[in-house]
Each structure stands twice: as C-alpha cells, then as structure tokens.
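Enquirer: What follows is query.txt; its format and atoms are compact mmCIF, C-alpha atoms.
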```
# COMPACT_ATOMS: atom_id res chain seq x y z
CA MET A 1 114.91 57.10 109.06
CA ASN A 2 116.10 60.65 108.50
CA PRO A 3 118.72 61.40 105.78
CA THR A 4 121.64 61.37 108.25
CA ILE A 5 120.77 57.93 109.61
CA GLU A 6 120.12 56.65 106.07
CA LEU A 7 123.62 57.79 105.04
CA ILE A 8 125.15 56.03 108.03
CA HIS A 9 123.31 52.80 107.17
CA GLU A 10 124.60 52.98 103.59
CA HIS A 11 128.25 52.68 104.68
CA ARG A 12 130.26 49.97 102.93
CA SER A 13 134.01 49.42 102.88
CA ILE A 14 134.98 50.09 99.25
CA ARG A 15 138.05 48.25 97.97
CA LYS A 16 137.82 49.00 94.23
CA TYR A 17 137.94 52.54 92.86
CA THR A 18 137.81 54.29 89.51
CA ASP A 19 140.72 56.44 88.30
CA ASP A 20 138.91 59.65 89.22
CA ALA A 21 140.78 62.06 91.50
CA VAL A 22 139.21 63.61 94.59
CA PRO A 23 139.15 67.42 94.15
CA HIS A 24 140.99 69.44 96.78
CA ALA A 25 137.82 71.44 97.45
CA HIS A 26 136.03 68.24 98.48
CA ILE A 27 138.93 67.28 100.75
CA LEU A 28 138.79 70.65 102.49
CA GLU A 29 135.03 70.35 102.84
CA ALA A 30 135.42 66.93 104.46
CA MET A 31 138.24 68.23 106.68
CA ARG A 32 136.07 71.04 108.03
CA ALA A 33 133.25 68.60 108.70
CA GLY A 34 135.67 66.26 110.45
CA GLN A 35 136.91 69.07 112.65
CA MET A 36 133.39 69.65 113.95
CA ALA A 37 133.62 66.38 115.88
CA ALA A 38 133.92 66.65 119.65
CA THR A 39 137.45 67.24 120.98
CA SER A 40 138.48 67.07 124.61
CA SER A 41 138.99 70.57 126.06
CA ALA A 42 139.50 71.85 122.49
CA VAL A 43 143.01 70.34 122.38
CA GLN A 44 142.49 69.01 118.80
CA PRO A 45 145.25 66.37 119.10
CA TYR A 46 145.19 64.95 115.58
CA CYS A 47 146.34 65.65 112.06
CA VAL A 48 145.88 64.18 108.59
CA ILE A 49 148.68 63.47 106.14
CA ARG A 50 147.57 63.17 102.53
CA VAL A 51 150.02 61.00 100.59
CA THR A 52 150.23 62.11 96.95
CA ASP A 53 153.69 60.81 96.01
CA ASP A 54 153.18 57.73 93.79
CA GLU A 55 156.25 55.89 95.06
CA LYS A 56 155.34 56.47 98.71
CA ARG A 57 151.76 55.38 98.02
CA GLN A 58 153.00 52.13 96.47
CA ARG A 59 155.37 51.42 99.36
CA ILE A 60 152.58 52.02 101.86
CA ALA A 61 150.30 49.76 99.80
CA ASP A 62 152.96 47.04 99.94
CA LEU A 63 153.65 47.29 103.68
CA SER A 64 149.92 47.31 104.41
CA GLY A 65 149.31 43.82 103.16
CA PRO A 66 149.87 44.37 100.27
CA GLN A 67 146.67 46.33 99.69
CA GLN A 68 146.84 47.81 96.19
CA LYS A 69 143.76 49.96 96.79
CA VAL A 70 146.00 52.24 98.87
CA ARG A 71 147.83 53.14 95.64
CA ASP A 72 144.81 53.05 93.35
CA CYS A 73 142.19 55.05 95.28
CA GLY A 74 141.51 58.68 94.41
CA ALA A 75 143.05 59.97 97.65
CA PHE A 76 144.88 58.34 100.52
CA PHE A 77 145.27 59.75 104.02
CA VAL A 78 147.11 58.77 107.19
CA ILE A 79 145.19 59.69 110.34
CA CYS A 80 147.52 60.57 113.23
CA ALA A 81 147.36 61.45 116.88
CA ASP A 82 149.24 64.74 116.97
CA LEU A 83 151.00 65.53 120.24
CA ARG A 84 153.63 67.57 118.39
CA LYS A 85 151.71 70.84 118.41
CA HIS A 86 151.28 70.56 122.18
CA MET A 87 154.99 69.79 122.66
CA LEU A 88 155.91 72.92 120.71
CA ILE A 89 153.50 75.11 122.68
CA VAL A 90 154.81 73.82 126.02
CA ASP A 91 158.44 74.27 124.91
CA ARG A 92 157.78 77.83 123.73
CA ALA A 93 156.22 78.57 127.11
CA GLY A 94 159.49 77.51 128.75
CA GLU A 95 158.03 74.42 130.38
CA ASP A 96 158.80 70.68 130.11
CA TYR A 97 156.26 68.60 128.22
CA ASN A 98 154.98 66.13 130.81
CA ALA A 99 151.92 64.19 129.63
CA SER A 100 150.60 60.84 130.82
CA LEU A 101 148.86 57.99 129.02
CA GLU A 102 145.74 60.19 129.10
CA ALA A 103 147.27 62.50 126.47
CA PHE A 104 147.85 59.61 124.07
CA LEU A 105 144.37 58.22 124.72
CA VAL A 106 142.81 61.61 124.03
CA GLY A 107 144.84 61.80 120.82
CA THR A 108 143.61 58.42 119.57
CA ILE A 109 140.02 59.04 120.66
CA ASP A 110 139.76 62.54 119.18
CA ALA A 111 141.47 61.42 115.96
CA SER A 112 138.88 58.65 115.58
CA LEU A 113 135.97 61.00 116.27
CA PHE A 114 137.38 63.30 113.60
CA ALA A 115 137.92 60.42 111.17
CA GLN A 116 134.32 59.22 111.39
CA ASN A 117 133.02 62.71 110.58
CA PHE A 118 135.65 62.98 107.81
CA THR A 119 134.52 59.67 106.33
CA LEU A 120 130.80 60.47 106.54
CA ALA A 121 131.39 63.80 104.81
CA PHE A 122 133.13 62.04 101.91
CA GLU A 123 130.36 59.45 101.69
CA SER A 124 127.74 62.23 101.61
CA LEU A 125 129.58 63.58 98.54
CA GLY A 126 129.27 60.21 96.79
CA TYR A 127 132.73 58.77 97.54
CA GLY A 128 133.59 55.36 98.92
CA THR A 129 135.98 54.86 101.80
CA CYS A 130 138.00 52.13 103.50
CA TYR A 131 140.01 52.34 106.70
CA ILE A 132 143.47 50.75 106.51
CA GLY A 133 144.81 49.33 109.77
CA GLY A 134 147.55 47.61 107.77
CA ILE A 135 149.76 50.70 107.96
CA ARG A 136 150.59 49.50 111.48
CA ASN A 137 152.31 46.42 110.02
CA ASP A 138 155.56 48.44 109.86
CA LEU A 139 155.24 51.79 111.60
CA PRO A 140 159.02 52.46 111.68
CA LEU A 141 159.10 52.17 107.86
CA LEU A 142 156.00 54.35 107.52
CA ASP A 143 157.61 56.84 109.89
CA ARG A 144 160.67 57.09 107.66
CA LEU A 145 158.60 57.36 104.48
CA LEU A 146 156.63 60.29 105.89
CA ASN A 147 159.52 61.82 107.86
CA LEU A 148 157.41 62.16 111.01
CA PRO A 149 158.71 64.22 113.94
CA GLU A 150 158.39 63.29 117.59
CA GLY A 151 154.80 63.50 118.78
CA VAL A 152 153.13 62.53 115.49
CA CYS A 153 151.71 59.02 115.90
CA PRO A 154 150.09 57.39 112.84
CA LEU A 155 147.02 55.33 113.75
CA TYR A 156 145.47 54.10 110.49
CA GLY A 157 145.04 54.96 106.84
CA LEU A 158 141.97 55.97 104.88
CA CYS A 159 141.24 55.30 101.21
CA VAL A 160 138.78 57.65 99.50
CA GLY A 161 137.59 57.57 95.91
CA VAL A 162 134.81 57.02 93.41
CA PRO A 163 133.50 53.46 94.01
CA ASP A 164 133.98 50.84 91.30
CA GLU A 165 131.95 48.20 93.15
CA SER A 166 128.70 47.89 95.11
CA PRO A 167 129.28 45.37 97.90
CA SER A 168 126.53 44.24 100.22
CA SER A 169 126.41 45.44 103.79
CA ARG A 170 128.20 43.23 106.34
CA PRO A 171 125.75 42.45 109.17
CA ARG A 172 126.49 43.65 112.68
CA LEU A 173 125.67 42.16 116.04
CA ASP A 174 122.12 42.97 117.08
CA ALA A 175 121.92 46.33 118.82
CA GLU A 176 120.36 44.66 121.87
CA ALA A 177 123.49 42.51 122.12
CA MET A 178 125.58 45.68 122.47
CA LEU A 179 123.31 47.91 124.58
CA PHE A 180 123.15 47.10 128.29
CA GLU A 181 121.44 48.68 131.26
CA ASN A 182 123.33 49.43 134.48
CA THR A 183 125.69 46.43 134.20
CA TYR A 184 127.27 43.96 131.82
CA PRO A 185 125.26 40.79 131.01
CA THR A 186 126.20 37.31 132.16
CA ASP A 187 128.63 35.26 130.10
CA ASP A 188 125.81 32.87 129.14
CA GLU A 189 123.73 35.78 127.82
CA THR A 190 126.70 37.15 125.90
CA LEU A 191 127.48 33.79 124.30
CA ALA A 192 123.81 33.24 123.40
CA ALA A 193 123.79 36.57 121.53
CA ILE A 194 127.01 35.57 119.74
CA ASP A 195 125.46 32.24 118.70
CA ARG A 196 122.48 34.06 117.19
CA TYR A 197 124.80 36.40 115.31
CA ASP A 198 126.88 33.47 114.03
CA GLU A 199 123.81 32.19 112.15
CA VAL A 200 123.27 35.59 110.51
CA TYR A 201 126.95 35.97 109.68
CA THR A 202 127.26 32.52 108.11
CA LYS A 203 124.24 33.22 105.89
CA TYR A 204 125.78 36.55 104.82
CA LEU A 205 128.99 34.83 103.72
CA THR A 206 127.07 32.07 101.93
CA ASP A 207 124.87 34.57 100.08
CA ARG A 208 127.90 36.51 98.78
CA GLY A 209 129.61 33.31 97.61
CA ALA A 210 132.33 33.32 100.26
CA GLN A 211 133.52 30.35 102.30
CA PRO A 212 130.89 29.85 105.03
CA SER A 213 132.17 30.44 108.54
CA THR A 214 130.93 31.83 111.82
CA TRP A 215 131.92 35.20 113.22
CA SER A 216 133.06 33.61 116.46
CA ALA A 217 135.40 31.25 114.58
CA ALA A 218 137.06 34.25 112.93
CA ILE A 219 137.36 36.05 116.27
CA ALA A 220 138.81 32.97 117.99
CA LYS A 221 141.50 32.79 115.30
CA LYS A 222 142.23 36.54 115.29
CA PHE A 223 142.72 36.91 119.03
CA SER A 224 144.51 33.64 119.78
CA TYR A 225 147.88 35.29 119.07
CA ALA A 226 149.43 38.72 119.54
CA SER A 227 149.74 40.81 116.37
CA ARG A 228 151.91 43.88 115.74
CA SER A 229 153.65 43.39 119.06
CA GLY A 230 156.06 46.31 118.53
CA LEU A 231 153.42 49.03 118.60
CA GLY A 232 154.00 50.03 122.22
CA ASP A 233 157.73 50.51 121.67
CA TYR A 234 157.10 52.52 118.51
CA TYR A 235 154.58 54.89 120.05
CA ALA A 236 156.79 55.35 123.11
CA SER A 237 159.63 56.29 120.77
CA LYS A 238 157.40 59.03 119.35
CA GLY A 239 156.89 60.59 122.76
CA ALA A 240 153.70 58.84 123.86
CA ASN A 241 153.66 57.98 127.57
CA LEU A 242 152.01 54.55 127.84
CA CYS A 243 152.13 54.43 131.65
```
Can you present the structure in this file as structure tokens?
Expert:
Amino acid sequence: MNPTIELIHEHRSIRKYTDDAVPHAHILEAMRAGQMAATSSAVQPYCVIRVTDDEKRQRIADLSGPQQKVRDCGAFFVICADLRKHMLIVDRAGEDYNASLEAFLVGTIDASLFAQNFTLAFESLGYGTCYIGGIRNDLPLLDRLLNLPEGVCPLYGLCVGVPDESPSSRPRLDAEAMLFENTYPTDDETLAAIDRYDEVYTKYLTDRGAQPSTWSAAIAKKFSYASRSGLGDYYASKGANLC
C-alpha cells in the first residue's frame, strides 16, 4: 500500500482525547486540504463552524447523547450545508432564490466530500477524529445556540484532538459485497454476504470484550423505527427545498 492508502486504513473513531489544544495553523491547513475536495460546478455549498465557547460546547455535548467527548476534545466543529451564500448572491443580483431538492443534495454531498478530506488531513497530522451525528438530536436547539441564519443547515459534528486511546479497527463488509458489476445482486446473494460478515463482526466484538452480537441484529434494531423524525421540517425551515 502507498502512504495515502495506509493512512486511510489507519482510521479509527477516537472517543478519548488528551487536554492538548489543536493549533489554529493546523486547522487552517486541514481546511485548505478539505477545500480541495470535488465540488459541483464550484458552488462550494458548505461551511464549518468551530465551537470554542465552553458553555456552548457542553450544551452540544449534552444534546448529542450526552457525548462528553464533544466538550473534551481539542477542537469541535459543526459541518454545515451552506445555501446562505447563494441566497445572498441571488438577492444582490435582484433575483428570487429558487432552488430545488438538488441544491440541498449538492450541499450535503459536497459538505461530506469536504469533511472526509478535512478529517484525513487532521489524521495525517497525528490527530484523532470522531464524527458526531448526535447533533441532529435537537437541531432547533443547536440552531439557537449557534444563531444560524436561513440557509445554513448543520449536518453533523466533528471532534478532533490528540488521541488518548488506541482502539482496534472495526471490520467492514467485504469489498466484494459492496462492489457490483452492471446490476445489483440477488437478495439471496446479498443476505449470504451479510451472514459471512456477521461471523467476522461477532468475533470482533468478542475479541474486544464487548457483548457478542451480529451486525445484522444491530441493523434490524436500528432501522425498525424512525429516528429524528423532525429533520425534514427543520431543514425546510432553513430554506431547503425537499421536493
């Protein structure tokens, strides 16, 4: 493997951090690397909000789970789809902002492409990272905490800091179970690949001293009910067209 692929394979979600701060120079370096990700038609529909206020960090940690690592990591960021800059440009041009679901999709896609570059840049500098989907537990509260204008849509958080743990790598589905040629496999083939992965996943949990379980059991539980059902209404309130 070349050094880039080796770095990618070394990714772990880090949930314990030292007290060391992340220097602003490193944040700017990671930002510039993140911005080199592909962006549709150069629209760059994302932004990053670094939360440095201790009280806000603690409130976000609480609403996210609680997940105390949000408060304790060296730096915490909220990754957002940013339609605001486009709204302002259109308004200044004397036109009405009229964007479809495509605009919101491009915002979420480009923000995620950025975020992966952003994360890899930090990891190349020796930091650990952890994405935080828990900020979506209460987006109206997060919105008020960060005083977000129309068009700025928070998607997830990101913890960055000096690792204070060395967790093992969580196994993934086999690449051949995710890479298809010309069409999607049959349901029987898909389930057979899942069964093989369940064996690997159960061994991983057993080896790390966790309660043994299959991956498919966790997925069956996770997607047997609707979570965060107010997201559509929230994003629509921020100016995203979901139709």
Enquirer: Using atom CA of Glu181 of chain A and atom CA of Arg196 of chain A as the two end points, give the distance in Å to one decimal.
Expert: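 Calculated distance between atom CA of Glu181 of chain A and atom CA of Arg196 of chain A is 20.3 Å.
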Enquirer: Compile the contact shell of Leu125 of chain A as a list in words: residues with an atom at most 12 Å away, counting all atoms listed in the file, same-chain residues fewer than 5 positions apart removed.
Expert: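 Final neighbour list, sorted by chain and number: Leu7, Val22, Pro23, Ala25, His26, Ile27, Glu29, Ala30, Ala33, Phe118, Thr119, Leu120, Val160, Gly161, Val162 and Pro163 of chain A.
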Enquirer: Would you pick out the contacts of Asp138 of chain A at 10 Å or less, using all atoms listed in the file, so that residues sharing its chain but fewer than 6 positions from it are not included, and give the list as number ranges by chain?
Expert: A: 60, 63-64, 228, 230-231, 234
Enquirer: What is the distance, in Å and to one decimal place, between atom CA of Phe114 of chain A and atom CA of Arg32 of chain A?
Expert: 9.6 Å
Enquirer: When you count all atoms listed in the file, which of these residues is closest to Tyr46 of chain A: A:Asp62, A:Asp91, A:Asp187, A:Asp110?
Expert: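 Of A:Asp62, A:Asp91, A:Asp187, A:Asp110, the one nearest Tyr46 of chain A is A:Asp110, counting all atoms listed in the file.
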Enquirer: Tell me, in Å to one decimal, how far atom CA of Gln67 of chain A is from atom CA of Ile132 of chain A.
Expert: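 Computing it gives 8.7 Å between the two atoms.
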Enquirer: Counting only C-alpha atoms, write as number ranges by chain all protein and nucleic acid residues lying at most 6 Å from (157.2, 63.2, 118.0) in the file's frame.
Expert: A: 84, 149-152, 238-239
Enquirer: Let's have the selection written as a PDB file, keeping the file's coordinate frame, with C-alpha atoms.
Expert:
```pdb
ATOM      1  CA  ARG A  84     153.630  67.570 118.390  1.00  0.00           C
ATOM      2  CA  PRO A 149     158.710  64.220 113.940  1.00  0.00           C
ATOM      3  CA  GLU A 150     158.390  63.290 117.590  1.00  0.00           C
ATOM      4  CA  GLY A 151     154.800  63.500 118.780  1.00  0.00           C
ATOM      5  CA  VAL A 152     153.130  62.530 115.490  1.00  0.00           C
ATOM      6  CA  LYS A 238     157.400  59.030 119.350  1.00  0.00           C
ATOM      7  CA  GLY A 239     156.890  60.590 122.760  1.00  0.00           C
TER       8      GLY A 239
END
```
Enquirer: Using only C-alpha atoms, pick whichever of A:Lys203, A:Arg170, A:Lys221, A:Arg136 has the shortest atom-to-atom distance to Gly65 of chain A.
Expert: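 Under the stated criterion, the closest residue is A:Arg136.
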Enquirer: Determine, counting all atoms listed in the file, which protein, DNA and RNA residues have an atom within 12 Å of an atom of Lys56 of chain A; residues of the same chain fewer than 2 positions away are not included. Present the result as a count of residues only.
Expert: 22
Enquirer: List the neighbours of segment 208-214 of chain A out to 10 Å using all atoms listed in the file; skip same-chain residues closer than 2 positions along the sequence, and give me the result as a PDB file with C-alpha atoms, in the frame of the given file.
Expert:
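Generated file (result.pdb):
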```pdb
ATOM      1  CA  PRO A 167     129.280  45.370  97.900  1.00  0.00           C
ATOM      2  CA  SER A 168     126.530  44.240 100.220  1.00  0.00           C
ATOM      3  CA  ILE A 194     127.010  35.570 119.740  1.00  0.00           C
ATOM      4  CA  ASP A 195     125.460  32.240 118.700  1.00  0.00           C
ATOM      5  CA  TYR A 197     124.800  36.400 115.310  1.00  0.00           C
ATOM      6  CA  ASP A 198     126.880  33.470 114.030  1.00  0.00           C
ATOM      7  CA  GLU A 199     123.810  32.190 112.150  1.00  0.00           C
ATOM      8  CA  VAL A 200     123.270  35.590 110.510  1.00  0.00           C
ATOM      9  CA  TYR A 201     126.950  35.970 109.680  1.00  0.00           C
ATOM     10  CA  THR A 202     127.260  32.520 108.110  1.00  0.00           C
ATOM     11  CA  LYS A 203     124.240  33.220 105.890  1.00  0.00           C
ATOM     12  CA  TYR A 204     125.780  36.550 104.820  1.00  0.00           C
ATOM     13  CA  LEU A 205     128.990  34.830 103.720  1.00  0.00           C
ATOM     14  CA  THR A 206     127.070  32.070 101.930  1.00  0.00           C
ATOM     15  CA  SER A 216     133.060  33.610 116.460  1.00  0.00           C
ATOM     16  CA  ALA A 217     135.400  31.250 114.580  1.00  0.00           C
ATOM     17  CA  ALA A 218     137.060  34.250 112.930  1.00  0.00           C
ATOM     18  CA  ILE A 219     137.360  36.050 116.270  1.00  0.00           C
TER      19      ILE A 219
END
```
Enquirer: Pick out the closest residue to Asp233 of chain A from this set: A:Pro140, A:Ala193, A:Tyr156, A:Asp164. Count all atoms listed in the file.
Expert: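 The shortest atom-to-atom distance to Asp233 of chain A comes from A:Pro140.
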Enquirer: Considering only C-alpha atoms, can you say which of A:Phe122, A:Gly134, A:Gly232, A:Ala226 comes closest to Ile8 of chain A?
Expert: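 Closest to Ile8 of chain A, using only C-alpha atoms: A:Phe122.
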Enquirer: Counting only C-alpha atoms, which residue out of A:Ala81, A:Leu113, A:Val43, A:Cys243 sits closest to Cys153 of chain A?
Expert: A:Ala81
Enquirer: Starting from the incomplete input, reconstruct N, CA and C atoms of segment 47-65 of chain A and write that as a compact mmCIF listing (two decimals), in the coordinates of the input.
Expert:
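The resulting part_1.txt:
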```txt
# COMPACT_ATOMS: atom_id res chain seq x y z
N CYS A 47 146.05 65.04 113.35
CA CYS A 47 146.34 65.65 112.06
C CYS A 47 146.12 64.60 110.97
N VAL A 48 146.09 65.06 109.74
CA VAL A 48 145.88 64.18 108.59
C VAL A 48 147.02 64.43 107.61
N ILE A 49 147.64 63.36 107.16
CA ILE A 49 148.68 63.47 106.14
C ILE A 49 148.16 62.86 104.85
N ARG A 50 147.98 63.69 103.84
CA ARG A 50 147.57 63.17 102.53
C ARG A 50 148.83 62.75 101.77
N VAL A 51 148.86 61.52 101.31
CA VAL A 51 150.02 61.00 100.59
C VAL A 51 149.72 61.05 99.10
N THR A 52 150.45 61.93 98.39
CA THR A 52 150.23 62.11 96.95
C THR A 52 151.38 61.56 96.12
N ASP A 53 152.53 61.33 96.73
CA ASP A 53 153.69 60.81 96.01
C ASP A 53 153.43 59.35 95.61
N ASP A 54 153.51 59.07 94.30
CA ASP A 54 153.18 57.73 93.79
C ASP A 54 154.05 56.64 94.40
N GLU A 55 155.35 56.91 94.53
CA GLU A 55 156.25 55.89 95.06
C GLU A 55 155.94 55.61 96.53
N LYS A 56 155.68 56.66 97.30
CA LYS A 56 155.34 56.47 98.71
C LYS A 56 154.01 55.72 98.84
N ARG A 57 153.05 56.07 97.99
CA ARG A 57 151.76 55.38 98.02
C ARG A 57 151.95 53.89 97.77
N GLN A 58 152.79 53.53 96.79
CA GLN A 58 153.00 52.13 96.47
C GLN A 58 153.70 51.41 97.62
N ARG A 59 154.67 52.06 98.25
CA ARG A 59 155.37 51.42 99.36
C ARG A 59 154.44 51.23 100.55
N ILE A 60 153.55 52.18 100.78
CA ILE A 60 152.58 52.02 101.86
C ILE A 60 151.59 50.92 101.52
N ALA A 61 151.18 50.84 100.24
CA ALA A 61 150.30 49.76 99.80
C ALA A 61 150.95 48.41 100.06
N ASP A 62 152.24 48.31 99.78
CA ASP A 62 152.96 47.04 99.94
C ASP A 62 153.08 46.67 101.42
N LEU A 63 153.45 47.63 102.27
CA LEU A 63 153.65 47.29 103.68
C LEU A 63 152.33 47.04 104.39
N SER A 64 151.23 47.47 103.78
CA SER A 64 149.92 47.31 104.41
C SER A 64 149.29 45.96 104.14
N GLY A 65 149.95 45.12 103.38
CA GLY A 65 149.31 43.82 103.16
C GLY A 65 150.03 42.83 102.27
```
